[in-house]
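Trainee: So here's entry12.cif (mmCIF, C-alpha atoms).
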data_final
#
loop_
_atom_site.label_atom_id
_atom_site.label_comp_id
_atom_site.auth_asym_id
_atom_site.auth_seq_id
_atom_site.Cartn_x
_atom_site.Cartn_y
_atom_site.Cartn_z
CA MET A 12 48.84 -83.22 -2.94
CA THR A 13 45.39 -81.61 -2.62
CA ILE A 14 45.43 -77.91 -1.89
CA LYS A 15 42.63 -75.76 -0.57
CA LEU A 16 42.23 -72.41 -2.25
CA SER A 17 41.88 -69.49 0.14
CA PRO A 18 38.65 -67.44 0.08
CA ASP A 19 40.77 -64.45 -1.07
CA ASN A 20 41.98 -66.39 -4.11
CA ILE A 21 38.51 -67.70 -4.91
CA ARG A 22 37.19 -64.12 -4.74
CA SER A 23 39.93 -62.90 -7.07
CA HIS A 24 39.16 -65.64 -9.58
CA PHE A 25 35.44 -64.96 -9.38
CA SER A 26 35.72 -61.18 -9.76
CA SER A 27 37.96 -61.66 -12.81
CA ALA A 28 35.52 -64.15 -14.34
CA MET A 29 32.59 -61.82 -13.57
CA SER A 30 34.39 -58.95 -15.27
CA GLU A 31 35.03 -61.07 -18.38
CA MET A 32 31.39 -62.13 -18.51
CA TYR A 33 30.11 -58.58 -18.11
CA ARG A 34 32.57 -57.35 -20.75
CA SER A 35 31.02 -59.78 -23.26
CA GLU A 36 27.48 -58.79 -22.26
CA VAL A 37 28.04 -55.01 -22.15
CA PRO A 38 30.79 -53.96 -24.61
CA LEU A 39 30.68 -50.37 -23.34
CA TYR A 40 32.04 -51.71 -20.03
CA GLN A 41 35.42 -52.34 -21.72
CA GLU A 42 35.53 -48.71 -22.86
CA LEU A 43 34.86 -47.68 -19.26
CA ILE A 44 37.72 -49.84 -17.94
CA THR A 45 40.13 -48.42 -20.52
CA LEU A 46 39.07 -44.86 -19.69
CA VAL A 47 39.57 -45.39 -15.94
CA GLU A 48 43.00 -46.97 -16.43
CA GLU A 49 44.10 -43.96 -18.53
CA VAL A 50 42.90 -41.53 -15.85
CA ASN A 51 44.58 -43.47 -13.03
CA ASN A 52 47.91 -43.72 -14.86
CA ASP A 53 47.87 -39.97 -15.57
CA ILE A 54 47.04 -39.10 -11.95
CA LEU A 55 49.74 -41.37 -10.49
CA ALA A 56 52.35 -40.00 -12.90
CA ALA A 57 51.50 -36.43 -11.92
CA ASN A 58 51.21 -37.08 -8.18
CA PRO A 59 54.10 -39.15 -6.74
CA GLU A 60 52.98 -38.36 -3.17
CA LEU A 61 49.62 -40.01 -3.80
CA LYS A 62 51.35 -42.99 -5.36
CA GLN A 63 53.59 -43.29 -2.31
CA GLN A 64 50.59 -43.12 0.03
CA LEU A 65 48.77 -45.85 -1.91
CA GLU A 66 51.89 -48.01 -1.81
CA LYS A 67 52.26 -47.48 1.94
CA THR A 68 48.69 -48.54 2.69
CA GLY A 69 48.84 -51.50 0.29
CA GLU A 70 46.18 -50.10 -2.01
CA LEU A 71 48.18 -49.50 -5.18
CA ASN A 72 48.21 -53.15 -6.24
CA ARG A 73 44.47 -53.49 -5.81
CA LEU A 74 43.58 -50.37 -7.80
CA ASN A 75 43.23 -51.88 -11.27
CA VAL A 76 41.39 -55.00 -10.09
CA GLU A 77 39.01 -53.15 -7.80
CA ARG A 78 35.33 -53.58 -8.69
CA HIS A 79 31.97 -53.36 -7.04
CA GLY A 80 28.75 -54.68 -8.47
CA ALA A 81 25.09 -54.71 -7.56
CA ILE A 82 22.31 -57.29 -7.66
CA ARG A 83 18.70 -57.42 -6.54
CA VAL A 84 17.08 -60.56 -5.14
CA GLY A 85 13.42 -61.30 -4.59
CA THR A 86 12.98 -63.57 -1.55
CA ALA A 87 14.43 -64.37 1.86
CA THR A 88 15.60 -67.77 0.58
CA GLU A 89 17.47 -66.12 -2.28
CA LEU A 90 19.16 -63.63 0.06
CA ASN A 91 20.13 -66.40 2.49
CA ASN A 92 21.68 -68.53 -0.25
CA ILE A 93 23.49 -65.54 -1.75
CA ARG A 94 25.02 -64.91 1.69
CA ARG A 95 26.26 -68.50 1.77
CA LEU A 96 27.64 -68.20 -1.77
CA PHE A 97 29.59 -65.04 -0.97
CA ALA A 98 30.92 -66.51 2.28
CA VAL A 99 32.83 -69.11 0.22
CA MET A 100 34.71 -66.13 -1.29
CA GLY A 101 35.38 -64.43 2.05
CA MET A 102 32.66 -61.80 1.56
CA TYR A 103 30.38 -60.92 4.46
CA PRO A 104 27.33 -58.63 4.93
CA VAL A 105 28.51 -55.20 6.09
CA GLY A 106 26.02 -52.44 6.89
CA TYR A 107 22.26 -52.06 6.50
CA TYR A 108 20.88 -49.65 3.90
CA ASP A 109 17.27 -48.55 3.98
CA LEU A 110 16.45 -47.33 0.47
CA SER A 111 12.76 -46.80 1.25
CA VAL A 112 13.78 -43.25 2.24
CA ALA A 113 14.48 -42.68 -1.45
CA GLY A 114 11.27 -44.26 -2.70
CA LEU A 115 12.73 -47.68 -3.52
CA PRO A 116 10.96 -50.86 -2.28
CA VAL A 117 14.21 -52.57 -1.22
CA HIS A 118 16.65 -52.73 1.65
CA SER A 119 20.24 -53.80 1.23
CA THR A 120 23.65 -54.79 2.51
CA ALA A 121 27.13 -54.91 0.98
CA PHE A 122 28.93 -58.24 0.80
CA ARG A 123 32.66 -57.58 1.01
CA PRO A 124 35.91 -58.70 2.65
CA THR A 125 36.36 -57.40 6.19
CA ALA A 126 40.06 -57.90 6.99
CA LYS A 127 42.56 -55.28 5.83
CA SER A 128 44.77 -57.93 4.23
CA SER A 129 41.79 -59.36 2.31
CA LEU A 130 40.72 -55.92 1.12
CA ASN A 131 44.23 -55.30 -0.21
CA LYS A 132 44.22 -58.68 -1.93
CA ASN A 133 40.98 -57.97 -3.76
CA PRO A 134 38.28 -55.61 -2.42
CA PHE A 135 35.43 -57.07 -4.51
CA ARG A 136 32.04 -55.92 -3.22
CA ILE A 137 28.46 -56.71 -4.20
CA PHE A 138 25.72 -54.31 -3.10
CA THR A 139 22.75 -56.65 -2.62
CA SER A 140 19.16 -55.49 -2.34
CA LEU A 141 16.13 -57.51 -1.20
CA LEU A 142 12.72 -56.72 -2.66
CA ARG A 143 10.10 -55.62 -0.11
CA LEU A 144 6.77 -56.69 -1.59
CA GLU A 145 4.99 -55.62 1.61
CA LEU A 146 5.61 -52.00 0.62
CA LEU A 147 3.62 -52.26 -2.62
CA GLU A 148 0.21 -50.63 -2.64
CA ASP A 149 -1.30 -53.42 -4.76
CA GLN A 150 -0.99 -56.43 -2.47
CA GLU A 151 -2.77 -58.70 -4.93
CA LEU A 152 0.02 -57.99 -7.41
CA ALA A 153 2.56 -58.47 -4.61
CA GLN A 154 1.19 -61.97 -3.98
CA LYS A 155 1.37 -62.72 -7.70
CA ALA A 156 5.00 -61.55 -7.77
CA GLU A 157 5.77 -63.75 -4.77
CA ARG A 158 4.34 -66.81 -6.54
CA ILE A 159 6.48 -66.07 -9.61
CA LEU A 160 9.62 -65.67 -7.49
CA ASN A 161 8.98 -68.89 -5.58
CA ARG A 162 9.06 -70.85 -8.85
CA ARG A 163 12.67 -69.97 -9.61
CA GLN A 164 16.04 -71.10 -8.24
CA ILE A 165 18.79 -68.54 -8.75
CA ILE A 166 21.75 -70.73 -7.72
CA THR A 167 22.49 -73.94 -9.62
CA ASP A 168 22.21 -77.32 -7.89
CA ARG A 169 25.94 -77.90 -8.32
CA ALA A 170 26.82 -74.49 -6.85
CA LEU A 171 24.63 -75.25 -3.83
CA ALA A 172 26.35 -78.62 -3.44
CA LEU A 173 29.77 -76.96 -3.56
CA ILE A 174 28.63 -74.38 -0.98
CA GLU A 175 27.68 -77.26 1.33
CA ILE A 176 31.10 -78.86 0.77
CA ALA A 177 32.83 -75.56 1.62
CA GLU A 178 30.74 -75.17 4.77
CA ALA A 179 31.44 -78.75 5.87
CA ASN A 180 35.17 -78.74 5.05
CA ASN A 181 35.97 -75.12 5.86
CA GLY A 182 36.89 -74.38 2.27
CA LEU A 183 37.25 -75.84 -1.23
CA LEU A 184 40.01 -77.73 -2.96
CA GLU A 185 41.46 -75.97 -6.01
CA THR A 186 39.53 -78.12 -8.47
CA GLU A 187 36.31 -77.59 -6.50
CA ALA A 188 36.95 -73.85 -6.31
CA ASN A 189 37.42 -73.58 -10.08
CA GLU A 190 34.14 -75.41 -10.63
CA PHE A 191 32.44 -73.23 -8.01
CA VAL A 192 33.48 -70.02 -9.81
CA GLN A 193 31.97 -71.23 -13.09
CA GLU A 194 28.75 -72.42 -11.44
CA ALA A 195 28.40 -69.23 -9.37
CA LEU A 196 28.68 -67.09 -12.51
CA GLU A 197 25.38 -68.54 -13.75
CA THR A 198 23.52 -66.74 -10.95
CA PHE A 199 24.60 -63.35 -12.28
CA ARG A 200 24.32 -63.93 -16.03
CA TRP A 201 21.98 -61.83 -18.17
CA HIS A 202 19.03 -63.67 -19.74
CA SER A 203 17.07 -61.94 -22.47
CA GLN A 204 14.21 -64.43 -22.12
CA ALA A 205 11.82 -63.20 -19.42
CA THR A 206 9.95 -65.66 -17.21
CA VAL A 207 6.65 -63.73 -17.38
CA SER A 208 4.18 -62.63 -20.04
CA SER A 209 4.30 -59.13 -21.49
CA GLU A 210 1.06 -58.35 -19.65
CA THR A 211 2.49 -59.39 -16.27
CA TYR A 212 5.67 -57.44 -16.98
CA GLN A 213 3.65 -54.28 -17.60
CA GLU A 214 1.73 -54.82 -14.34
CA LEU A 215 5.01 -55.15 -12.43
CA LEU A 216 6.46 -52.14 -14.24
CA ARG A 217 3.50 -49.99 -13.22
CA ALA A 218 4.03 -51.02 -9.59
CA HIS A 219 7.73 -50.09 -9.74
CA SER A 220 10.61 -50.48 -12.20
CA LEU A 221 12.66 -52.36 -9.62
CA VAL A 222 9.85 -54.85 -9.10
CA ALA A 223 9.74 -55.61 -12.83
CA ASP A 224 13.51 -56.02 -12.99
CA ILE A 225 13.70 -58.35 -10.00
CA VAL A 226 10.64 -60.53 -10.68
CA SER A 227 10.66 -60.94 -14.47
CA PHE A 228 13.88 -62.89 -15.04
CA ARG A 229 15.60 -66.15 -14.12
CA GLY A 230 17.95 -64.55 -11.63
CA PRO A 231 19.62 -61.42 -10.26
CA HIS A 232 21.67 -60.40 -13.32
CA ILE A 233 24.58 -58.18 -12.37
CA ASN A 234 23.41 -54.68 -13.26
CA HIS A 235 26.79 -52.93 -13.15
CA LEU A 236 30.46 -53.47 -12.38
CA THR A 237 32.25 -50.41 -11.09
CA PRO A 238 35.98 -49.67 -11.46
CA ARG A 239 37.69 -47.23 -9.06
CA THR A 240 39.19 -44.01 -10.38
CA LEU A 241 41.55 -41.58 -8.67
CA ASP A 242 39.84 -38.58 -10.28
CA ILE A 243 36.14 -38.96 -10.99
CA ASP A 244 35.77 -35.42 -12.33
CA LEU A 245 38.35 -36.13 -15.03
CA ALA A 246 36.71 -39.49 -15.72
CA GLN A 247 33.32 -37.79 -16.08
CA LYS A 248 34.82 -35.27 -18.52
CA LYS A 249 36.36 -38.07 -20.60
CA MET A 250 33.03 -39.94 -20.66
CA VAL A 251 31.37 -36.89 -22.18
CA GLU A 252 34.23 -36.45 -24.66
CA LYS A 253 33.80 -40.07 -25.77
CA ASN A 254 30.04 -39.51 -26.24
CA MET A 255 29.06 -41.91 -23.47
CA PRO A 256 25.58 -41.08 -22.13
CA ALA A 257 26.95 -39.83 -18.80
CA LYS A 258 24.87 -38.62 -15.87
CA ALA A 259 24.59 -34.85 -15.49
CA THR A 260 25.97 -34.85 -11.94
CA ILE A 261 28.29 -36.89 -9.74
CA GLU A 262 26.64 -38.57 -6.74
CA GLY A 263 28.02 -38.00 -3.24
CA PRO A 264 30.12 -35.19 -1.75
CA PRO A 265 31.54 -32.41 -3.96
CA LYS A 266 35.08 -32.30 -5.35
CA ARG A 267 37.46 -31.43 -2.51
CA ASN A 268 41.18 -31.30 -1.75
CA LEU A 269 40.44 -34.03 0.76
CA ALA A 270 38.30 -36.80 -0.76
CA ILE A 271 35.80 -38.27 1.69
CA LEU A 272 33.53 -41.29 1.55
CA LEU A 273 32.37 -42.13 -1.97
CA ARG A 274 31.60 -40.34 -5.23
CA GLN A 275 29.94 -42.08 -8.17
CA THR A 276 28.94 -41.39 -11.73
CA ALA A 277 27.51 -43.59 -14.48
CA PHE A 278 26.43 -43.86 -18.03
CA LYS A 279 22.70 -44.42 -18.37
CA ALA A 280 21.08 -47.82 -18.54
CA LEU A 281 21.24 -49.76 -21.77
CA THR A 282 18.06 -50.57 -23.68
CA GLU A 283 18.21 -54.34 -24.19
CA ASN A 284 15.97 -56.65 -26.19
CA ILE A 285 13.90 -59.19 -24.28
CA SER A 286 11.31 -61.85 -25.14
CA PHE A 287 8.27 -62.68 -23.03
CA THR A 288 6.64 -66.06 -22.48
CA ASP A 289 3.70 -65.09 -24.72
CA GLY A 290 6.05 -64.60 -27.68
CA ILE A 291 6.04 -60.79 -27.61
CA ASN A 292 9.40 -59.04 -27.97
CA SER A 293 10.18 -55.75 -26.24
CA THR A 294 12.99 -53.94 -24.39
CA HIS A 295 14.17 -53.59 -20.81
CA THR A 296 16.47 -51.05 -19.15
CA ALA A 297 18.36 -51.92 -16.00
CA ARG A 298 22.08 -52.42 -16.60
CA PHE A 299 24.50 -49.52 -16.75
CA GLY A 300 28.14 -48.49 -16.40
CA GLU A 301 29.41 -46.83 -13.25
CA ILE A 302 32.68 -45.32 -11.97
CA GLU A 303 33.56 -44.62 -8.34
CA GLN A 304 36.13 -42.58 -6.44
CA ARG A 305 36.77 -43.58 -2.84
CA GLY A 306 37.88 -41.17 -0.14
CA SER A 307 38.47 -41.24 3.59
CA ALA A 308 36.26 -43.24 5.94
CA LEU A 309 34.43 -41.04 8.44
CA THR A 310 33.66 -41.68 12.11
CA PRO A 311 30.06 -41.51 13.37
CA LYS A 312 30.71 -37.85 14.18
CA GLY A 313 32.05 -37.28 10.66
CA ARG A 314 29.08 -39.06 9.07
CA LYS A 315 26.68 -36.94 11.10
CA LEU A 316 28.33 -33.78 9.81
CA TYR A 317 28.37 -35.16 6.25
CA ASP A 318 24.64 -35.99 6.39
CA LYS A 319 23.82 -32.56 7.81
CA LEU A 320 25.68 -30.72 5.03
CA LEU A 321 24.35 -32.98 2.28
CA ASN A 322 20.76 -32.56 3.45
CA ALA A 323 21.22 -28.78 3.59
CA ALA A 324 22.29 -28.75 -0.08
CA ILE A 325 19.47 -31.09 -1.12
CA ASN A 326 16.82 -29.09 0.75
CA GLN A 327 18.06 -25.91 -0.87
CA ASN A 328 18.19 -27.15 -4.46
CA GLY A 329 16.48 -30.53 -4.72
CA ASN A 330 18.02 -33.96 -5.10
CA GLN A 331 21.07 -34.30 -7.32
CA SER A 332 19.23 -36.85 -9.45
CA SER A 333 16.58 -34.31 -10.43
CA LYS A 334 16.53 -33.20 -14.05
CA GLU A 335 16.52 -29.51 -13.23
CA GLY A 336 19.42 -27.40 -12.10
CA PRO A 337 22.37 -29.81 -11.76
CA GLU A 338 24.75 -26.82 -11.89
CA GLN A 339 22.91 -24.99 -9.12
CA TYR A 340 22.89 -28.14 -7.02
CA SER A 341 26.66 -28.65 -7.49
CA GLN A 342 27.29 -25.07 -6.41
CA ALA A 343 25.08 -25.46 -3.35
CA LEU A 344 26.88 -28.70 -2.47
CA GLU A 345 30.32 -27.10 -2.70
CA LYS A 346 29.13 -24.16 -0.59
CA ALA A 347 27.65 -26.42 2.09
CA PHE A 348 30.81 -28.54 2.36
CA GLU A 349 33.03 -25.56 3.03
CA ALA A 350 32.12 -26.33 6.65
CA PHE A 351 33.82 -29.75 6.42
CA PRO A 352 37.58 -29.77 7.22
CA SER A 353 39.69 -30.18 4.11
CA ASP A 354 42.94 -31.53 5.61
CA TYR A 355 43.85 -34.77 7.38
CA ALA A 356 45.20 -33.05 10.49
CA SER A 357 41.83 -31.41 11.17
CA LEU A 358 40.02 -34.65 10.36
CA ALA A 359 42.07 -36.43 13.02
CA LYS A 360 42.00 -33.62 15.58
CA GLU A 361 38.22 -33.26 15.39
CA ASN A 362 37.65 -37.04 15.37
CA LEU A 363 35.89 -36.93 12.01
CA GLY A 364 37.86 -39.66 10.21
CA PHE A 365 39.31 -43.12 10.77
CA PHE A 366 43.07 -43.54 10.33
CA GLU A 367 45.69 -46.24 10.04
CA TYR A 368 49.00 -45.81 11.88
CA HIS A 369 52.55 -46.74 10.87
CA ALA A 370 55.80 -46.47 12.82
CA ASN A 371 58.66 -44.44 11.42
CA LYS A 372 61.58 -46.71 12.29
CA GLN A 373 64.10 -43.93 11.70
CA ALA A 374 62.46 -41.72 14.34
CA ARG A 375 63.53 -41.54 17.97
CA LYS A 376 61.92 -43.75 20.59
CA PRO A 377 58.89 -42.15 22.25
CA LYS A 378 59.25 -40.67 25.69
CA GLN A 379 57.25 -42.17 28.50
CA ASP A 380 53.57 -41.14 28.38
CA GLU A 381 54.18 -39.12 25.20
CA SER A 382 50.86 -38.37 23.53
CA ILE A 383 49.80 -39.73 20.15
CA GLU A 384 49.52 -36.14 18.87
CA ALA A 385 53.12 -35.44 19.88
CA LEU A 386 54.37 -38.60 18.18
CA ILE A 387 52.59 -37.58 14.98
CA GLU A 388 54.03 -34.06 15.17
CA THR A 389 57.58 -35.35 15.57
CA GLY A 390 57.16 -37.79 12.69
CA ALA A 391 57.61 -40.88 14.85
CA LEU A 392 54.05 -41.94 14.09
CA ILE A 393 52.64 -41.66 10.57
CA CYS A 394 48.90 -41.71 10.12
CA SER A 395 47.10 -42.34 6.82
CA PRO A 396 43.35 -42.05 6.31
CA GLN A 397 41.48 -45.32 5.93
CA THR A 398 39.77 -45.77 2.58
CA TYR A 399 35.99 -45.87 2.77
CA GLU A 400 35.08 -49.43 1.76
CA ASP A 401 31.30 -49.13 1.83
CA PHE A 402 28.37 -47.33 0.20
CA LEU A 403 26.19 -44.28 0.76
CA PRO A 404 22.42 -44.78 0.86
CA VAL A 405 21.75 -41.51 -0.95
CA SER A 406 24.36 -42.27 -3.61
CA ALA A 407 23.06 -45.79 -4.13
CA ALA A 408 19.53 -44.49 -4.48
CA GLY A 409 20.65 -41.69 -6.78
CA ILE A 410 22.34 -44.14 -9.14
CA PHE A 411 19.23 -46.36 -9.07
CA HIS A 412 16.95 -43.42 -9.82
CA SER A 413 19.01 -42.20 -12.74
CA ASN A 414 18.77 -45.62 -14.37
CA LEU A 415 15.10 -46.35 -13.80
CA ASP A 416 12.04 -45.26 -15.68
CA SER A 417 8.40 -44.62 -14.66
CA ASN A 418 7.63 -44.24 -10.94
CA ALA A 419 11.12 -44.57 -9.49
CA GLY A 420 10.25 -42.02 -6.82
CA ALA A 421 7.26 -43.75 -5.23
CA ASP A 422 6.59 -42.85 -1.60
CA TYR A 423 7.75 -45.51 0.88
CA THR A 424 8.81 -42.93 3.43
CA ASN A 425 11.40 -44.25 5.86
CA LYS A 426 10.31 -47.82 6.52
CA ALA A 427 13.58 -49.32 7.69
CA ASN A 428 13.34 -52.85 9.07
CA GLN A 429 16.81 -54.17 9.82
CA LYS A 430 15.46 -56.97 12.00
CA SER A 431 13.38 -58.38 9.15
CA PHE A 432 16.31 -58.07 6.75
CA GLU A 433 18.63 -59.94 9.11
CA GLU A 434 16.04 -62.69 9.59
CA SER A 435 15.99 -63.14 5.81
CA LEU A 436 19.78 -62.96 5.65
CA GLY A 437 20.23 -65.59 8.34
CA CYS A 438 22.66 -63.54 10.43
CA GLN A 439 23.30 -60.03 11.69
CA VAL A 440 24.98 -57.50 9.43
CA ILE A 441 28.42 -56.33 10.52
CA SER A 442 28.82 -52.69 11.57
CA GLU A 443 31.20 -50.92 9.18
CA MET A 444 32.07 -48.45 11.95
CA THR A 445 33.26 -51.31 14.15
CA LEU A 446 35.51 -52.59 11.36
CA TYR A 447 37.14 -49.20 10.77
CA LYS A 448 37.68 -48.72 14.50
CA GLU A 449 39.27 -52.17 14.86
CA ILE A 450 41.70 -51.48 12.00
CA GLU A 451 42.62 -48.12 13.53
CA GLU A 452 43.19 -49.51 17.02
CA LYS A 453 45.14 -52.55 15.80
CA SER A 454 47.45 -50.45 13.61
CA LEU A 455 48.09 -48.03 16.49
CA ARG A 456 49.00 -50.84 18.91
CA GLU A 457 51.38 -52.39 16.40
CA ALA A 458 53.01 -49.05 15.52
CA LEU A 459 53.56 -48.12 19.18
CA SER A 460 55.01 -51.54 19.87
CA ILE A 461 57.53 -51.09 17.03
CA LEU A 462 58.53 -47.63 18.30
CA LYS A 463 59.12 -48.92 21.83
CA ASP A 464 61.38 -51.82 20.75
#
Written as structure tokens, that's how I'd like the structure from this file.
Mentor:
Amino acid sequence: MTIKLSPDNIRSHFSSAMSEMYRSEVPLYQELITLVEEVNNDILAANPELKQQLEKTGELNRLNVERHGAIRVGTATELNNIRRLFAVMGMYPVGYYDLSVAGLPVHSTAFRPTAKSSLNKNPFRIFTSLLRLELLEDQELAQKAERILNRRQIITDRALALIEIAEANNGLLETEANEFVQEALETFRWHSQATVSSETYQELLRAHSLVADIVSFRGPHINHLTPRTLDIDLAQKKMVEKNMPAKATIEGPPKRNLAILLRQTAFKALTENISFTDGINSTHTARFGEIEQRGSALTPKGRKLYDKLLNAAINQNGNQSSKEGPEQYSQALEKAFEAFPSDYASLAKENLGFFEYHANKQARKPKQDESIEALIETGALICSPQTYEDFLPVSAAGIFHSNLDSNAGADYTNKANQKSFEESLGCQVISEMTLYKEIEEKSLREALSILKD
């Protein structure tokens, strides 16, 4: 009997294979995984309430397999085919990120599962950036880069054939899926042999470090895989204790009793040996190790308040990725975020966060027209904050900046172009806010229905 493998299972197999490949390429990654597992085990042992909450929302089982990665592609064709590749694994483009505001000549989306059940099965995400050659000052060099990119094919012929089979048959048989995983890995593999001369590489490097990284190789090598920790401050401390070259500051909101959105830290990019087509050997820095801590998803109102407070701290003390005054910046950040509610009740009351609802079957049946607030107060309705499943533009840019050399802060001031990005992608990106709202509304309907039975 022939069996089709679900996209969730294909994604799980692929993320595991990707992790194994990256572990062999970047040995320090294994140290990072071990460190995060130690931190998570300690936190869960010391905090049974947190463990219970993670169990209730279905997130405990996914914790140790959770990863996000990042790649950078060069052309519209590459982005379109990457979208098709990820769709086989049940990963879809969520959100549009304009990184030109941070001086990076790229715009991005996050390919990830969208259904709650799929996220709990395996929440693998790939932050994918498309190079914007039109933003480069030297358009002659931009045309040269475009010619170089057009000569390469980042997905193997067999992987493309299997993608077509999946699209035609609404999935892959188990044998096809296993072959697909192995073929798809080749797109993300590191190649130390560059596809350009040392002279061309230096030209691209002078234009921007990201341009050199994207254009000079056979494909979009995975530049980090990120495990999820339950305490990023403790993880950062352990990185320093183990003499990992950790960043000076943690990207995102400050440490709080109530974790919100996303916090990230990293060890700095590795210096790796490469060979150019003219026989010259040199080094390249792009790949690094990163850790994340995920908090509560915020509503549009909550994101507006978050952005306001973050910008206030940045304007007062400079960006967190600057080399001067990380301590002063951290203090300014903590001070600014005192204005953000630090408990779930306030988050819900002020409509700042998205929640998921569960019925307490032991509670009494609700009275007619009883309000949601009253049901929560009596314990009939239990609400848990939704985990933020996406990325922060400022955090993404901050991590990029800290792992790039030369002119990483070039001026491409606010040149968002979502329409152009979606044309290259071949579809519209999905609104993350819509997804969170749908999960909230669906869980509330189901919980109320249970209480009324």
Trainee: If we count only C-alpha atoms and set the cut-off at 12 Å, which residues sit around stretch 174-188 of chain A, ignoring sequence neighbours fewer than 4 positions away in its own chain? Please answer as number ranges by chain.
Mentor: A: 12-25, 92-101, 166-170, 192-195
Trainee: Applied to the shown file, which residues does the PyMOL selection byres ((chain A and resi 43) around 12) return, written as a compact mmCIF listing (two decimals) with C-alpha atoms, in the frame of the given file?
Mentor:
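To be explicit, this is the file written out as expr10.txt:
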# COMPACT_ATOMS: atom_id res chain seq x y z
CA SER A 30 34.39 -58.95 -15.27
CA TYR A 33 30.11 -58.58 -18.11
CA ARG A 34 32.57 -57.35 -20.75
CA VAL A 37 28.04 -55.01 -22.15
CA PRO A 38 30.79 -53.96 -24.61
CA LEU A 39 30.68 -50.37 -23.34
CA TYR A 40 32.04 -51.71 -20.03
CA GLN A 41 35.42 -52.34 -21.72
CA GLU A 42 35.53 -48.71 -22.86
CA ILE A 44 37.72 -49.84 -17.94
CA THR A 45 40.13 -48.42 -20.52
CA LEU A 46 39.07 -44.86 -19.69
CA VAL A 47 39.57 -45.39 -15.94
CA GLU A 48 43.00 -46.97 -16.43
CA GLU A 49 44.10 -43.96 -18.53
CA VAL A 50 42.90 -41.53 -15.85
CA HIS A 235 26.79 -52.93 -13.15
CA LEU A 236 30.46 -53.47 -12.38
CA THR A 237 32.25 -50.41 -11.09
CA PRO A 238 35.98 -49.67 -11.46
CA ARG A 239 37.69 -47.23 -9.06
CA THR A 240 39.19 -44.01 -10.38
CA ALA A 246 36.71 -39.49 -15.72
CA GLN A 247 33.32 -37.79 -16.08
CA LYS A 249 36.36 -38.07 -20.60
CA MET A 250 33.03 -39.94 -20.66
CA VAL A 251 31.37 -36.89 -22.18
CA LYS A 253 33.80 -40.07 -25.77
CA ASN A 254 30.04 -39.51 -26.24
CA MET A 255 29.06 -41.91 -23.47
CA PRO A 256 25.58 -41.08 -22.13
CA ALA A 257 26.95 -39.83 -18.80
CA THR A 276 28.94 -41.39 -11.73
CA ALA A 277 27.51 -43.59 -14.48
CA PHE A 278 26.43 -43.86 -18.03
CA PHE A 299 24.50 -49.52 -16.75
CA GLY A 300 28.14 -48.49 -16.40
CA GLU A 301 29.41 -46.83 -13.25
CA ILE A 302 32.68 -45.32 -11.97
CA GLU A 303 33.56 -44.62 -8.34
Trainee: Using the chain letters and residue numbers of this document, give as a short mmCIF file (atom, residue, chain, number, x, y, z; two decimals) with C-alpha atoms, keeping the file's coordinate frame the residues selected by the PyMOL selection byres ((chain A and resi 445-460) around 6).
Mentor:
data_model
loop_
_atom_site.label_atom_id
_atom_site.label_comp_id
_atom_site.auth_asym_id
_atom_site.auth_seq_id
_atom_site.Cartn_x
_atom_site.Cartn_y
_atom_site.Cartn_z
CA PHE A 366 43.07 -43.54 10.33
CA GLU A 367 45.69 -46.24 10.04
CA TYR A 368 49.00 -45.81 11.88
CA HIS A 369 52.55 -46.74 10.87
CA ALA A 370 55.80 -46.47 12.82
CA SER A 442 28.82 -52.69 11.57
CA GLU A 443 31.20 -50.92 9.18
CA MET A 444 32.07 -48.45 11.95
CA ILE A 461 57.53 -51.09 17.03
CA LEU A 462 58.53 -47.63 18.30
CA LYS A 463 59.12 -48.92 21.83
#
Trainee: Taking 3 positions as the minimum chain separation for residues in the same chain, which residues sit within 8 Å of A:Phe351 when counting all atoms listed in the file? Answer as a list in words.
Mentor: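 Selected residues are Leu316, Tyr317 and Phe348 of chain A.
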Trainee: Check what the PyMOL selection byres ((chain A and resi 55-71) around 10) selects in the file above and give those residues as a ChimeraX atom specification.
Mentor: /A:50-54,72-75,77,127-128,130-134,241,367-369,395-398
Trainee: In terms of the shortest atom-to-atom distance over all atoms listed in the file, which of A:Ala324, A:Ile383, A:Leu403, A:Val207 is closest to A:Leu309?
Mentor: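 Going through A:Ala324, A:Ile383, A:Leu403, A:Val207 one by one, the smallest distance to A:Leu309 is for A:Leu403.
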Trainee: Counting all atoms listed in the file, figure out which residue out of A:Cys438, A:Ala28, A:Ile393, A:Ile82 gets nearest to A:Phe191.
Mentor: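 Distance minimum relative to A:Phe191 lands on A:Ala28.
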Trainee: Here is a test: counting all atoms listed in the file, which residue of A:Leu386, A:Leu215, A:Ala223, A:Ile325 is nearest to A:Lys346?
Mentor: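 Residue with the minimum atom-to-atom distance to A:Lys346: A:Ile325.
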Trainee: Any idea what's packed within 10 Å of A:Asn362, counting all atoms listed in the file, ignoring anything in its chain fewer than 5 positions away? Could you give it as a list in words?
Mentor: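 With the cut-off at 10 Å, the set is Leu309, Thr310, Pro311, Lys312, Gly313, Ala356 and Ser357 of chain A.
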Trainee: Residues within 7 Å of A:Asn371, please, as a list in words. Count all atoms listed in the file; anything in the same chain fewer than 5 positions from it doesn't count.
Mentor: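 Those residues are Gly390, Ala391, Leu392 and Ile393 of chain A.
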